[in-house]
Amino acid sequence: MKYTIKNEMEKKEASDEGNVTKMAQCNTVEGLKESWQKWANDHCEYQKHNPFSSNRTITVQFQKGEEGYGTPKEGSRTQQRGQRAHAHIEKEVDELCMIIKSIGETGGDGKPRVAFGPLFERYVTISNKLVGVLLTARKHGRISFEGEMLWQRRDDDVIITVLE
């Protein structure tokens, strides 16, 4: 038994020494210096494209209409947030169309439609952004209605039609 315990302790000590050696290599002054220099170089490069930086030197400027104009850098967190936002908006538009189909009536053309007043009364319990979602859905060609903006009470009789 003592032999086994002694061997186990020796293995553990050797393992600990190996870990200490690896940590020493990671935490050497040279390693820290290289790590810091890499971060500093990356930060300087980022600041060249930062519009709020005082030492801004933009190397690439897109003109309106060119590919890449008005879009975030490929793979950036800004692009990821935008993709999540688009997915969320698409989900809300789908939900709006489903509600219109469920509470609306089918018109002569076979498309579901509902007046703004009843839709507002039903949808307000789901989301407080009905008008914004309606405008987005119209922009994407999913619904249609008359006028630029819909107002509660004033436009309660305006008919909203699902186009799909």
# chains A, B, ... in the order shown; residues from 1 in each chain; ligands from 1
call {"tool": "residues_around", "arguments": {"residues": "Ala115 in chain A", "least_positions_apart": "6", "cutoff": "7 Å", "atoms": "only C-alpha atoms", "output": "NGL selection string"}}
result
:A and (156-160)
call {"tool": "closest_residue", "arguments": {"among": "A:Glu92, A:Arg154, A:Leu134, A:Gln83", "to": "Gly117 in chain A", "atoms": "only C-alpha atoms"}}
result
A:Arg154
call {"tool": "closest_residue", "arguments": {"among": "A:Leu119, A:Leu163, A:Val29, A:Cys44", "to": "His140 in chain A", "atoms": "only C-alpha atoms"}}
result
A:Leu163
call {"tool": "select_by_dssp", "arguments": {"residues": "range 19-99 of chain A", "states": "alpha helix (DSSP H)", "output": "ChimeraX atom specification"}}
result
/A:19-26,29-48,77-99
call {"tool": "write_last_selection", "arguments": {"atoms": "N, CA and C atoms", "output": "compact mmCIF listing (two decimals), in the first residue's frame"}}
result
# COMPACT_ATOMS: atom_id res chain seq x y z
N ASN A 19 2.85 21.68 -14.59
CA ASN A 19 1.92 22.81 -14.64
C ASN A 19 2.62 24.11 -14.30
N VAL A 20 3.52 24.08 -13.31
CA VAL A 20 4.26 25.28 -12.93
C VAL A 20 5.13 25.73 -14.09
N THR A 21 5.77 24.76 -14.77
CA THR A 21 6.61 25.10 -15.92
C THR A 21 5.77 25.75 -17.02
N LYS A 22 4.58 25.17 -17.31
CA LYS A 22 3.71 25.75 -18.34
C LYS A 22 3.25 27.15 -17.95
N MET A 23 2.90 27.33 -16.68
CA MET A 23 2.45 28.65 -16.22
C MET A 23 3.59 29.66 -16.30
N ALA A 24 4.81 29.20 -15.99
CA ALA A 24 5.96 30.10 -16.06
C ALA A 24 6.20 30.56 -17.49
N GLN A 25 5.98 29.66 -18.46
CA GLN A 25 6.16 30.03 -19.85
C GLN A 25 5.10 31.05 -20.28
N CYS A 26 3.86 30.88 -19.79
CA CYS A 26 2.77 31.80 -20.14
C CYS A 26 2.94 33.16 -19.47
N VAL A 29 7.93 37.54 -18.65
CA VAL A 29 7.89 38.96 -19.01
C VAL A 29 7.79 39.10 -20.53
N GLU A 30 8.53 38.26 -21.24
CA GLU A 30 8.51 38.31 -22.71
C GLU A 30 7.11 37.98 -23.24
N GLY A 31 6.48 36.95 -22.63
CA GLY A 31 5.12 36.57 -23.05
C GLY A 31 4.13 37.68 -22.79
N LEU A 32 4.21 38.29 -21.63
CA LEU A 32 3.31 39.40 -21.30
C LEU A 32 3.55 40.59 -22.23
N LYS A 33 4.82 40.84 -22.52
CA LYS A 33 5.16 41.96 -23.41
C LYS A 33 4.57 41.73 -24.80
N GLU A 34 4.71 40.51 -25.32
CA GLU A 34 4.16 40.19 -26.65
C GLU A 34 2.64 40.32 -26.65
N SER A 35 2.02 39.83 -25.60
CA SER A 35 0.56 39.90 -25.49
C SER A 35 0.09 41.36 -25.46
N TRP A 36 0.75 42.17 -24.66
CA TRP A 36 0.40 43.59 -24.57
C TRP A 36 0.61 44.30 -25.90
N GLN A 37 1.72 44.02 -26.56
CA GLN A 37 2.02 44.67 -27.84
C GLN A 37 0.98 44.30 -28.89
N LYS A 38 0.56 43.03 -28.90
CA LYS A 38 -0.48 42.60 -29.84
C LYS A 38 -1.77 43.37 -29.59
N TRP A 39 -2.16 43.48 -28.31
CA TRP A 39 -3.38 44.21 -27.98
C TRP A 39 -3.25 45.67 -28.41
N ALA A 40 -2.10 46.29 -28.15
CA ALA A 40 -1.89 47.70 -28.50
C ALA A 40 -1.97 47.91 -30.01
N ASN A 41 -1.36 47.02 -30.77
CA ASN A 41 -1.42 47.13 -32.23
C ASN A 41 -2.84 46.97 -32.74
N ASP A 42 -3.58 45.99 -32.21
CA ASP A 42 -4.98 45.78 -32.61
C ASP A 42 -5.81 47.01 -32.27
N HIS A 43 -5.58 47.59 -31.10
CA HIS A 43 -6.35 48.76 -30.67
C HIS A 43 -6.04 49.97 -31.57
N CYS A 44 -4.78 50.17 -31.91
CA CYS A 44 -4.42 51.28 -32.81
C CYS A 44 -5.08 51.11 -34.17
N GLU A 45 -5.12 49.90 -34.67
CA GLU A 45 -5.77 49.64 -35.96
C GLU A 45 -7.27 49.91 -35.87
N TYR A 46 -7.88 49.51 -34.76
CA TYR A 46 -9.31 49.76 -34.56
C TYR A 46 -9.59 51.27 -34.50
N GLN A 47 -8.75 52.00 -33.79
CA GLN A 47 -8.95 53.44 -33.63
C GLN A 47 -8.85 54.19 -34.96
N LYS A 48 -8.13 53.65 -35.92
CA LYS A 48 -8.03 54.29 -37.23
C LYS A 48 -9.39 54.35 -37.92
N ARG A 77 -19.65 42.02 -34.12
CA ARG A 77 -20.78 41.90 -33.19
C ARG A 77 -21.93 42.78 -33.64
N THR A 78 -21.63 43.88 -34.31
CA THR A 78 -22.69 44.74 -34.82
C THR A 78 -23.52 43.98 -35.85
N GLN A 79 -22.86 43.23 -36.71
CA GLN A 79 -23.58 42.44 -37.71
C GLN A 79 -24.43 41.37 -37.01
N GLN A 80 -23.90 40.73 -35.99
CA GLN A 80 -24.65 39.71 -35.26
C GLN A 80 -25.88 40.31 -34.59
N ARG A 81 -25.73 41.49 -33.97
CA ARG A 81 -26.89 42.15 -33.35
C ARG A 81 -27.93 42.49 -34.40
N GLY A 82 -27.49 42.96 -35.55
CA GLY A 82 -28.42 43.28 -36.64
C GLY A 82 -29.18 42.07 -37.12
N GLN A 83 -28.51 40.95 -37.24
CA GLN A 83 -29.16 39.72 -37.67
C GLN A 83 -30.20 39.26 -36.65
N ARG A 84 -29.84 39.38 -35.36
CA ARG A 84 -30.81 39.01 -34.31
C ARG A 84 -32.01 39.95 -34.35
N ALA A 85 -31.78 41.24 -34.57
CA ALA A 85 -32.88 42.20 -34.63
C ALA A 85 -33.79 41.91 -35.82
N HIS A 86 -33.21 41.60 -36.97
CA HIS A 86 -34.03 41.27 -38.14
C HIS A 86 -34.87 40.02 -37.89
N ALA A 87 -34.29 39.03 -37.25
CA ALA A 87 -35.03 37.80 -36.94
C ALA A 87 -36.18 38.10 -35.99
N HIS A 88 -35.93 38.97 -35.00
CA HIS A 88 -36.98 39.32 -34.04
C HIS A 88 -38.12 40.08 -34.73
N ILE A 89 -37.78 41.01 -35.59
CA ILE A 89 -38.81 41.78 -36.30
C ILE A 89 -39.61 40.88 -37.22
N GLU A 90 -38.93 39.97 -37.91
CA GLU A 90 -39.62 39.02 -38.79
C GLU A 90 -40.62 38.18 -38.00
N LYS A 91 -40.22 37.78 -36.80
CA LYS A 91 -41.11 37.00 -35.94
C LYS A 91 -42.34 37.82 -35.55
N GLU A 92 -42.14 39.10 -35.21
CA GLU A 92 -43.27 39.95 -34.85
C GLU A 92 -44.22 40.18 -36.03
N VAL A 93 -43.67 40.34 -37.23
CA VAL A 93 -44.50 40.53 -38.42
C VAL A 93 -45.30 39.25 -38.69
N ASP A 94 -44.66 38.09 -38.56
CA ASP A 94 -45.37 36.82 -38.74
C ASP A 94 -46.52 36.69 -37.74
N GLU A 95 -46.25 37.07 -36.49
CA GLU A 95 -47.28 36.99 -35.45
C GLU A 95 -48.44 37.94 -35.77
N LEU A 96 -48.13 39.15 -36.24
CA LEU A 96 -49.17 40.10 -36.62
C LEU A 96 -50.04 39.54 -37.73
N CYS A 97 -49.42 38.98 -38.77
CA CYS A 97 -50.19 38.41 -39.88
C CYS A 97 -51.07 37.25 -39.39
N MET A 98 -50.54 36.44 -38.49
CA MET A 98 -51.32 35.33 -37.95
C MET A 98 -52.54 35.85 -37.17
N ILE A 99 -52.36 36.91 -36.40
CA ILE A 99 -53.47 37.48 -35.64
C ILE A 99 -54.52 38.07 -36.57
call {"tool": "residues_around", "arguments": {"residues": "Gly108 in chain A", "least_positions_apart": "4", "cutoff": "12 Å", "atoms": "only C-alpha atoms", "output": "ChimeraX atom specification"}}
result
/A:112-113,161
call {"tool": "closest_residue", "arguments": {"among": "A:Glu164, A:Val133, A:Arg122, A:Tyr69", "to": "Leu150 in chain A", "atoms": "only C-alpha atoms"}}
result
A:Val133
